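Shown next: input-v3.txt, containing compact mmCIF, C-alpha atoms.
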# COMPACT_ATOMS: atom_id res chain seq x y z
CA MET V 1 -25.65 -65.45 262.34
CA SER V 2 -22.32 -63.92 261.37
CA PHE V 3 -19.26 -65.97 260.51
CA ARG V 4 -17.25 -66.67 263.67
CA ALA V 5 -13.63 -67.80 263.45
CA SER V 6 -11.68 -69.20 266.39
CA VAL V 7 -7.95 -69.72 265.86
CA ILE V 8 -5.90 -71.98 268.13
CA THR V 9 -2.28 -70.89 267.99
CA LEU V 10 0.99 -70.59 269.87
CA PHE V 11 1.24 -66.99 268.67
CA PRO V 12 -2.09 -65.20 269.22
CA ASP V 13 -0.40 -61.81 268.87
CA MET V 14 -0.01 -62.48 265.14
CA PHE V 15 -3.73 -61.86 264.71
CA PRO V 16 -5.60 -60.11 263.23
CA GLY V 17 -2.55 -58.94 261.28
CA PRO V 18 -3.54 -58.29 257.65
CA LEU V 19 -7.09 -59.39 258.48
CA GLY V 20 -7.52 -56.15 260.40
CA VAL V 21 -7.05 -53.78 257.44
CA SER V 22 -8.87 -52.77 254.25
CA VAL V 23 -12.31 -54.19 253.48
CA ILE V 24 -11.65 -57.37 255.48
CA GLY V 25 -10.79 -55.34 258.57
CA ARG V 26 -13.77 -53.07 258.05
CA GLY V 27 -16.04 -56.10 257.90
CA LEU V 28 -14.44 -57.34 261.12
CA ASN V 29 -14.98 -53.98 262.84
CA GLU V 30 -18.58 -53.82 261.63
CA GLY V 31 -19.35 -57.26 263.01
CA LEU V 32 -19.95 -58.92 259.63
CA TRP V 33 -17.56 -61.60 260.84
CA SER V 34 -15.65 -62.16 264.08
CA LEU V 35 -12.26 -63.51 265.07
CA ASP V 36 -10.98 -64.72 268.40
CA THR V 37 -7.65 -66.35 269.18
CA VAL V 38 -6.90 -69.05 271.72
CA ALA V 39 -3.39 -69.45 273.12
CA LEU V 40 -2.51 -73.15 273.05
CA ARG V 41 -0.06 -72.79 275.94
CA ASP V 42 -2.95 -71.81 278.22
CA PHE V 43 -3.95 -75.48 278.18
CA ALA V 44 -0.56 -76.87 279.17
CA THR V 45 -0.54 -78.68 282.52
CA ASP V 46 3.05 -78.24 283.71
CA LYS V 47 4.96 -75.24 285.00
CA HIS V 48 6.92 -74.96 281.75
CA ARG V 49 3.68 -74.76 279.72
CA THR V 50 4.84 -77.60 277.50
CA VAL V 51 2.76 -78.26 274.39
CA ASP V 52 5.02 -80.60 272.42
CA ASP V 53 7.16 -83.73 272.79
CA THR V 54 9.58 -85.84 270.76
CA PRO V 55 8.11 -87.94 267.93
CA ALA V 56 7.37 -91.59 268.67
CA GLY V 57 9.76 -93.78 266.71
CA GLY V 58 12.44 -91.10 266.66
CA GLY V 59 13.26 -88.47 264.12
CA PRO V 60 13.79 -84.73 264.04
CA GLY V 61 11.52 -82.01 265.37
CA MET V 62 8.76 -82.01 267.94
CA VAL V 63 5.08 -82.96 267.77
CA LEU V 64 2.14 -81.12 269.33
CA LYS V 65 0.72 -83.18 272.18
CA PRO V 66 -2.76 -84.60 271.57
CA ASP V 67 -4.10 -84.08 275.10
CA ILE V 68 -3.15 -80.40 275.18
CA LEU V 69 -4.55 -79.67 271.74
CA ALA V 70 -7.72 -81.65 272.42
CA SER V 71 -8.33 -79.59 275.57
CA ALA V 72 -8.01 -76.38 273.57
CA ILE V 73 -10.35 -77.61 270.84
CA ASP V 74 -12.95 -78.80 273.35
CA HIS V 75 -12.81 -75.46 275.13
CA VAL V 76 -13.37 -73.52 271.92
CA ALA V 77 -15.81 -75.89 270.26
CA PRO V 78 -17.94 -78.13 272.50
CA GLN V 79 -19.82 -81.00 270.90
CA ASN V 80 -22.80 -78.87 269.92
CA ASP V 81 -20.66 -76.34 268.03
CA PRO V 82 -21.63 -76.66 264.34
CA ARG V 83 -18.46 -75.08 262.99
CA PRO V 84 -16.01 -77.25 261.01
CA ARG V 85 -12.67 -77.90 262.67
CA ILE V 86 -9.77 -77.19 260.34
CA LEU V 87 -6.06 -77.95 260.63
CA MET V 88 -3.77 -75.94 258.36
CA SER V 89 -1.44 -78.61 256.99
CA PRO V 90 0.78 -79.02 253.90
CA ARG V 91 -0.59 -82.53 253.49
CA GLY V 92 -4.22 -81.35 253.47
CA LYS V 93 -6.57 -80.93 250.53
CA PRO V 94 -5.80 -77.78 248.53
CA LEU V 95 -7.86 -74.74 249.43
CA THR V 96 -10.23 -73.88 246.59
CA GLN V 97 -12.58 -71.02 245.85
CA ALA V 98 -15.46 -73.48 246.13
CA ARG V 99 -14.44 -74.53 249.66
CA ALA V 100 -13.96 -70.89 250.66
CA ARG V 101 -17.47 -70.11 249.46
CA GLU V 102 -18.90 -73.07 251.38
CA LEU V 103 -17.24 -71.85 254.56
CA ALA V 104 -18.41 -68.27 253.99
CA LEU V 105 -22.02 -69.48 253.91
CA GLY V 106 -21.62 -71.33 257.20
CA PRO V 107 -21.43 -70.35 260.87
CA GLY V 108 -17.64 -70.05 260.94
CA ALA V 109 -14.67 -72.29 261.60
CA VAL V 110 -12.30 -73.46 264.32
CA ILE V 111 -8.79 -73.31 262.88
CA VAL V 112 -5.79 -75.07 264.39
CA CYS V 113 -2.36 -73.67 263.53
CA GLY V 114 0.27 -76.37 263.67
CA ARG V 115 3.91 -75.82 264.59
CA PHE V 116 7.08 -77.88 264.86
CA GLU V 117 7.10 -81.24 263.05
CA GLY V 118 3.33 -81.66 263.13
CA VAL V 119 0.29 -82.71 265.15
CA ASP V 120 -0.32 -86.07 266.82
CA GLN V 121 -2.51 -88.05 264.42
CA ARG V 122 -4.75 -89.25 267.23
CA VAL V 123 -6.15 -85.79 267.93
CA ILE V 124 -6.66 -85.21 264.20
CA ASP V 125 -8.78 -88.35 264.09
CA ALA V 126 -10.51 -87.94 267.45
CA ARG V 127 -11.57 -84.33 266.83
CA ASN V 128 -12.32 -84.84 263.14
CA LEU V 129 -9.95 -82.14 261.91
CA GLU V 130 -10.26 -81.26 258.23
CA GLU V 131 -6.73 -80.76 256.88
CA ILE V 132 -6.42 -77.90 254.39
CA SER V 133 -3.31 -76.78 252.49
CA ILE V 134 -2.70 -73.43 250.80
CA GLY V 135 -0.02 -74.81 248.49
CA ASP V 136 2.69 -77.36 247.84
CA TYR V 137 5.28 -75.87 250.19
CA VAL V 138 6.01 -75.87 253.92
CA LEU V 139 5.74 -72.89 256.27
CA ALA V 140 7.14 -72.50 259.78
CA GLY V 141 3.62 -72.70 261.18
CA GLY V 142 -0.05 -72.55 260.33
CA GLU V 143 -0.71 -68.94 261.26
CA VAL V 144 -0.02 -67.35 257.87
CA ALA V 145 -1.94 -70.17 256.19
CA ALA V 146 -4.88 -69.52 258.51
CA MET V 147 -4.82 -65.85 257.50
CA VAL V 148 -4.91 -66.83 253.83
CA LEU V 149 -7.89 -69.09 254.45
CA LEU V 150 -9.73 -66.46 256.47
CA GLU V 151 -9.15 -63.69 253.92
CA ALA V 152 -10.39 -65.94 251.11
CA VAL V 153 -13.51 -66.69 253.16
CA ALA V 154 -14.19 -63.29 254.73
CA ARG V 155 -14.28 -61.43 251.42
CA LEU V 156 -17.13 -63.73 250.32
CA ILE V 157 -19.29 -62.93 253.34
CA PRO V 158 -22.22 -60.73 252.27
CA GLY V 159 -21.52 -57.07 252.94
CA VAL V 160 -17.75 -57.34 253.30
CA LEU V 161 -16.96 -56.30 249.72
CA GLY V 162 -18.32 -52.95 248.60
CA ALA V 163 -19.21 -54.24 245.12
CA GLU V 164 -20.64 -57.73 245.46
CA ALA V 165 -20.87 -58.16 241.69
CA SER V 166 -17.09 -57.73 241.37
CA ARG V 167 -16.67 -61.30 242.64
CA ASP V 168 -18.62 -62.92 239.83
CA ASP V 169 -15.94 -62.69 237.12
CA GLU V 170 -12.95 -63.40 239.34
CA SER V 171 -10.49 -66.22 238.80
CA PHE V 172 -11.90 -69.63 239.78
CA GLU V 173 -15.48 -68.38 240.20
CA SER V 174 -16.41 -69.73 236.76
CA GLY V 175 -13.85 -72.50 236.64
CA GLY V 176 -11.06 -70.57 234.97
CA LEU V 177 -8.77 -67.55 235.24
CA GLU V 178 -9.95 -63.96 235.07
CA TYR V 179 -9.50 -61.84 231.93
CA PRO V 180 -6.95 -58.94 231.84
CA HIS V 181 -7.87 -55.52 233.23
CA TYR V 182 -7.02 -52.03 231.96
CA THR V 183 -7.62 -48.43 233.10
CA ARG V 184 -6.49 -44.89 232.24
CA PRO V 185 -4.22 -43.53 230.90
CA GLN V 186 -5.17 -44.67 227.41
CA ASN V 187 -1.50 -44.91 226.43
CA PHE V 188 1.04 -46.34 228.86
CA GLU V 189 4.64 -46.46 227.62
CA GLY V 190 3.45 -46.93 224.05
CA HIS V 191 0.86 -49.57 224.87
CA GLU V 192 -2.81 -48.79 224.26
CA ILE V 193 -5.90 -50.11 226.01
CA PRO V 194 -7.42 -52.69 223.65
CA GLU V 195 -9.75 -50.74 221.37
CA ILE V 196 -12.70 -53.02 221.96
CA LEU V 197 -12.81 -52.06 225.65
CA THR V 198 -13.46 -48.43 224.78
CA SER V 199 -15.95 -49.20 222.00
CA GLY V 200 -19.03 -49.06 224.19
CA ASP V 201 -20.29 -52.32 222.66
CA HIS V 202 -20.96 -54.39 225.78
CA GLY V 203 -21.75 -57.53 223.81
CA LYS V 204 -18.39 -57.47 222.06
CA ILE V 205 -16.63 -56.57 225.32
CA GLU V 206 -18.16 -59.58 227.08
CA LYS V 207 -17.17 -61.86 224.19
CA TRP V 208 -13.59 -60.50 224.27
CA ARG V 209 -13.33 -61.01 228.02
CA ARG V 210 -14.61 -64.56 227.77
CA ALA V 211 -12.12 -65.39 225.01
CA GLU V 212 -9.23 -63.85 226.96
CA SER V 213 -10.22 -65.78 230.07
CA GLU V 214 -10.32 -69.05 228.17
CA ALA V 215 -6.95 -68.36 226.52
CA LEU V 216 -5.27 -67.52 229.84
CA THR V 217 -6.72 -70.63 231.45
CA ARG V 218 -5.46 -72.87 228.63
CA ALA V 219 -1.99 -71.30 228.76
CA ARG V 220 -1.47 -71.07 232.52
CA ARG V 221 -3.84 -73.50 234.20
CA PRO V 222 -4.89 -76.24 231.78
CA ASP V 223 -5.83 -78.34 234.82
CA LEU V 224 -8.82 -76.06 235.44
CA LYS V 225 -12.09 -76.78 233.72
CA LYS V 226 -13.44 -73.65 232.12
CA THR V 227 -17.24 -73.42 231.99
Structure translated into structure tokens:
Amino acid sequence: MSFRASVITLFPDMFPGPLGVSVIGRGLNEGLWSLDTVALRDFATDKHRTVDDTPAGGGPGMVLKPDILASAIDHVAPQNDPRPRILMSPRGKPLTQARARELALGPGAVIVCGRFEGVDQRVIDARNLEEISIGDYVLAGGEVAAMVLLEAVARLIPGVLGAEASRDDESFESGGLEYPHYTRPQNFEGHEIPEILTSGDHGKIEKWRRAESEALTRARRPDLKKT
């Protein structure tokens, strides 16, 4: 079973966007994963296709209506659908490489893209939406965040990357940041490729890379546990 993503959004024309190019797009075209979008306004019940209303208790902005969003979710993912239901939200748990890998090994995901001030909490609770954040900042909507999530996941699906082994040493795969990379020319503006990388001694090269990774992790992301 290939990974199947369904995105509920007010702007379906934004997709696939960057997900349709390079190796991610090739994987999409080859059927290694699939993407369909669902226009939230298609589930509105009035002639104006209204999907939001003013927040209870007052305040700025508008809130997505729970009945409209619930109808869209139920249409996309009936009760027997095994895919997790995700809401892209700045208050969600941070997206991690580990969560991306878990999703990549599963049947797919239903992703809700919020807009306006937010989503009615009752539909979050009633449809068991997992809130995920891509960082400590606020976007205009969840579409770009959904693309970030899907790219992080899609590249981990078997067959999407040309060189599967290239993922093993990446940042976060081993709990820390990746070591520096170099390529020709040997001399760039007076700076040489570290001599050890051209020595041919793979044992020493691996030791150097591990030390550089650990040093970068300590300097830039001491919150990460390097294993």
Do you have the CA of Pro82 in chain V-CA of Val63 in chain V distance handy?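 Straight-line distance from CA of Pro82 in chain V to CA of Val63 in chain V works out to 27.7 Å.
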Gly141 in chain V surroundings by all atoms listed in the file, 9 Å radius, close-in-sequence under 5 positions cut, as JSON, numbers by chain: {"V": [88, 89, 113, 114, 115, 116]}
Which of these, V:Ile193, V:Ile8, V:Arg101, V:Gly17, has the shortest distance to His75 in chain V once you count all atoms listed in the file?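 For His75 in chain V, the nearest of the given residues is V:Ile8.
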What is the CA of Gly27 in chain V-CA of Val160 in chain V distance in Å, reported with one decimal?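 Spanning CA of Gly27 in chain V to CA of Val160 in chain V is a straight-line distance of 5.1 Å.
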Counting all atoms listed in the file, which residue out of V:Leu32, V:Leu150, V:Ala100, V:Phe3 sits closest to Phe15 in chain V? V:Leu150
Would you mind listing what lies within 7 Å of range 210-227 of chain V as a PDB file with C-alpha atoms, keeping the file's coordinate frame, with all atoms listed in the file counted and same-chain residues fewer than 6 positions away left out?
ATOM      1  CA  SER V 174     -16.410 -69.730 236.760  1.00  0.00           C
ATOM      2  CA  GLY V 175     -13.850 -72.500 236.640  1.00  0.00           C
ATOM      3  CA  GLY V 176     -11.060 -70.570 234.970  1.00  0.00           C
ATOM      4  CA  LEU V 177      -8.770 -67.550 235.240  1.00  0.00           C
ATOM      5  CA  GLU V 178      -9.950 -63.960 235.070  1.00  0.00           C
ATOM      6  CA  TYR V 179      -9.500 -61.840 231.930  1.00  0.00           C
TER       7      TYR V 179
END
(-4.0, -87.5, 276.1) in this file's frame - what residues fall within 12 Å of it? Use only C-alpha atoms and give the answer as a list in words.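 Collected hits near the coordinates: Ala44, Thr45, Val51, Asp52, Leu64, Lys65, Pro66, Asp67, Ile68, Leu69, Ala70, Ser71, Asp120, Gln121, Arg122, Val123 and Ala126 of chain V.
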Choose the residue, out of V:Leu95, V:Leu40, V:Val23, V:Ala154, that has the smallest atom-to-atom separation from Gly135 in chain V; count all atoms listed in the file.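 Among V:Leu95, V:Leu40, V:Val23, V:Ala154, it is V:Leu95 that comes nearest to Gly135 in chain V.
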Nearby residues (all atoms listed in the file) at most 12 Å from Leu87 in chain V, same-chain spacing under 5 positions excluded, as a ChimeraX atom specification: /V:6-9,69,73,92-93,95,109-115,118-121,123-125,127-134,141-143,145-146,149
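Distance-wise, CA of Ser2 in chain V and CA of Gly31 in chain V end up 7.5 Å apart.
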Given 3 Å on each side, where is the centre and what are the edge lengths in Å to one decimal of the axis-aligned box enclosing the listed atoms of range 37-55 of chain V, as JSON?
{"center_x": 1.0, "center_y": -77.1, "center_z": 276.5, "size_x": 23.2, "size_y": 27.6, "size_z": 23.1}
Kindly output range 187-208 of chain V as a short mmCIF file (atom, residue, chain, number, x, y, z; two decimals), keeping the file's coordinate frame, after building N, CA and C atoms.
data_model
loop_
_atom_site.label_atom_id
_atom_site.label_comp_id
_atom_site.auth_asym_id
_atom_site.auth_seq_id
_atom_site.Cartn_x
_atom_site.Cartn_y
_atom_site.Cartn_z
N ASN V 187 -2.81 -44.46 226.94
CA ASN V 187 -1.50 -44.91 226.43
C ASN V 187 -0.53 -44.99 227.60
N PHE V 188 0.03 -46.16 227.81
CA PHE V 188 1.04 -46.34 228.86
C PHE V 188 2.29 -46.91 228.22
N GLU V 189 3.34 -46.07 228.18
CA GLU V 189 4.64 -46.46 227.62
C GLU V 189 4.50 -47.09 226.23
N GLY V 190 3.63 -46.48 225.42
CA GLY V 190 3.45 -46.93 224.05
C GLY V 190 2.44 -48.04 223.87
N HIS V 191 1.84 -48.50 224.95
CA HIS V 191 0.86 -49.57 224.87
C HIS V 191 -0.54 -49.01 225.12
N GLU V 192 -1.45 -49.30 224.20
CA GLU V 192 -2.81 -48.79 224.26
C GLU V 192 -3.75 -49.78 224.96
N ILE V 193 -4.80 -49.24 225.55
CA ILE V 193 -5.90 -50.11 226.01
C ILE V 193 -6.51 -50.75 224.78
N PRO V 194 -6.78 -52.06 224.81
CA PRO V 194 -7.42 -52.69 223.65
C PRO V 194 -8.66 -51.90 223.20
N GLU V 195 -8.72 -51.62 221.92
CA GLU V 195 -9.75 -50.74 221.37
C GLU V 195 -11.17 -51.21 221.69
N ILE V 196 -11.36 -52.50 221.73
CA ILE V 196 -12.70 -53.02 221.96
C ILE V 196 -13.25 -52.61 223.33
N LEU V 197 -12.36 -52.40 224.30
CA LEU V 197 -12.81 -52.06 225.65
C LEU V 197 -13.30 -50.63 225.76
N THR V 198 -12.98 -49.80 224.78
CA THR V 198 -13.46 -48.43 224.78
C THR V 198 -14.50 -48.20 223.69
N SER V 199 -14.99 -49.30 223.11
CA SER V 199 -15.95 -49.20 222.00
C SER V 199 -17.36 -48.90 222.46
N GLY V 200 -17.67 -49.23 223.70
CA GLY V 200 -19.03 -49.06 224.19
C GLY V 200 -19.96 -50.20 223.81
N ASP V 201 -19.47 -51.17 223.07
CA ASP V 201 -20.29 -52.32 222.66
C ASP V 201 -20.13 -53.41 223.72
N HIS V 202 -21.09 -53.48 224.64
CA HIS V 202 -20.96 -54.39 225.78
C HIS V 202 -21.01 -55.85 225.38
N GLY V 203 -21.71 -56.16 224.30
CA GLY V 203 -21.75 -57.53 223.81
C GLY V 203 -20.39 -58.00 223.34
N LYS V 204 -19.72 -57.14 222.55
CA LYS V 204 -18.39 -57.47 222.06
C LYS V 204 -17.38 -57.51 223.19
N ILE V 205 -17.54 -56.59 224.16
CA ILE V 205 -16.63 -56.57 225.32
C ILE V 205 -16.74 -57.86 226.10
N GLU V 206 -17.96 -58.33 226.34
CA GLU V 206 -18.16 -59.58 227.08
C GLU V 206 -17.56 -60.76 226.32
N LYS V 207 -17.73 -60.78 225.01
CA LYS V 207 -17.17 -61.86 224.19
C LYS V 207 -15.64 -61.84 224.25
N TRP V 208 -15.05 -60.63 224.19
CA TRP V 208 -13.59 -60.50 224.27
C TRP V 208 -13.09 -60.99 225.61
#
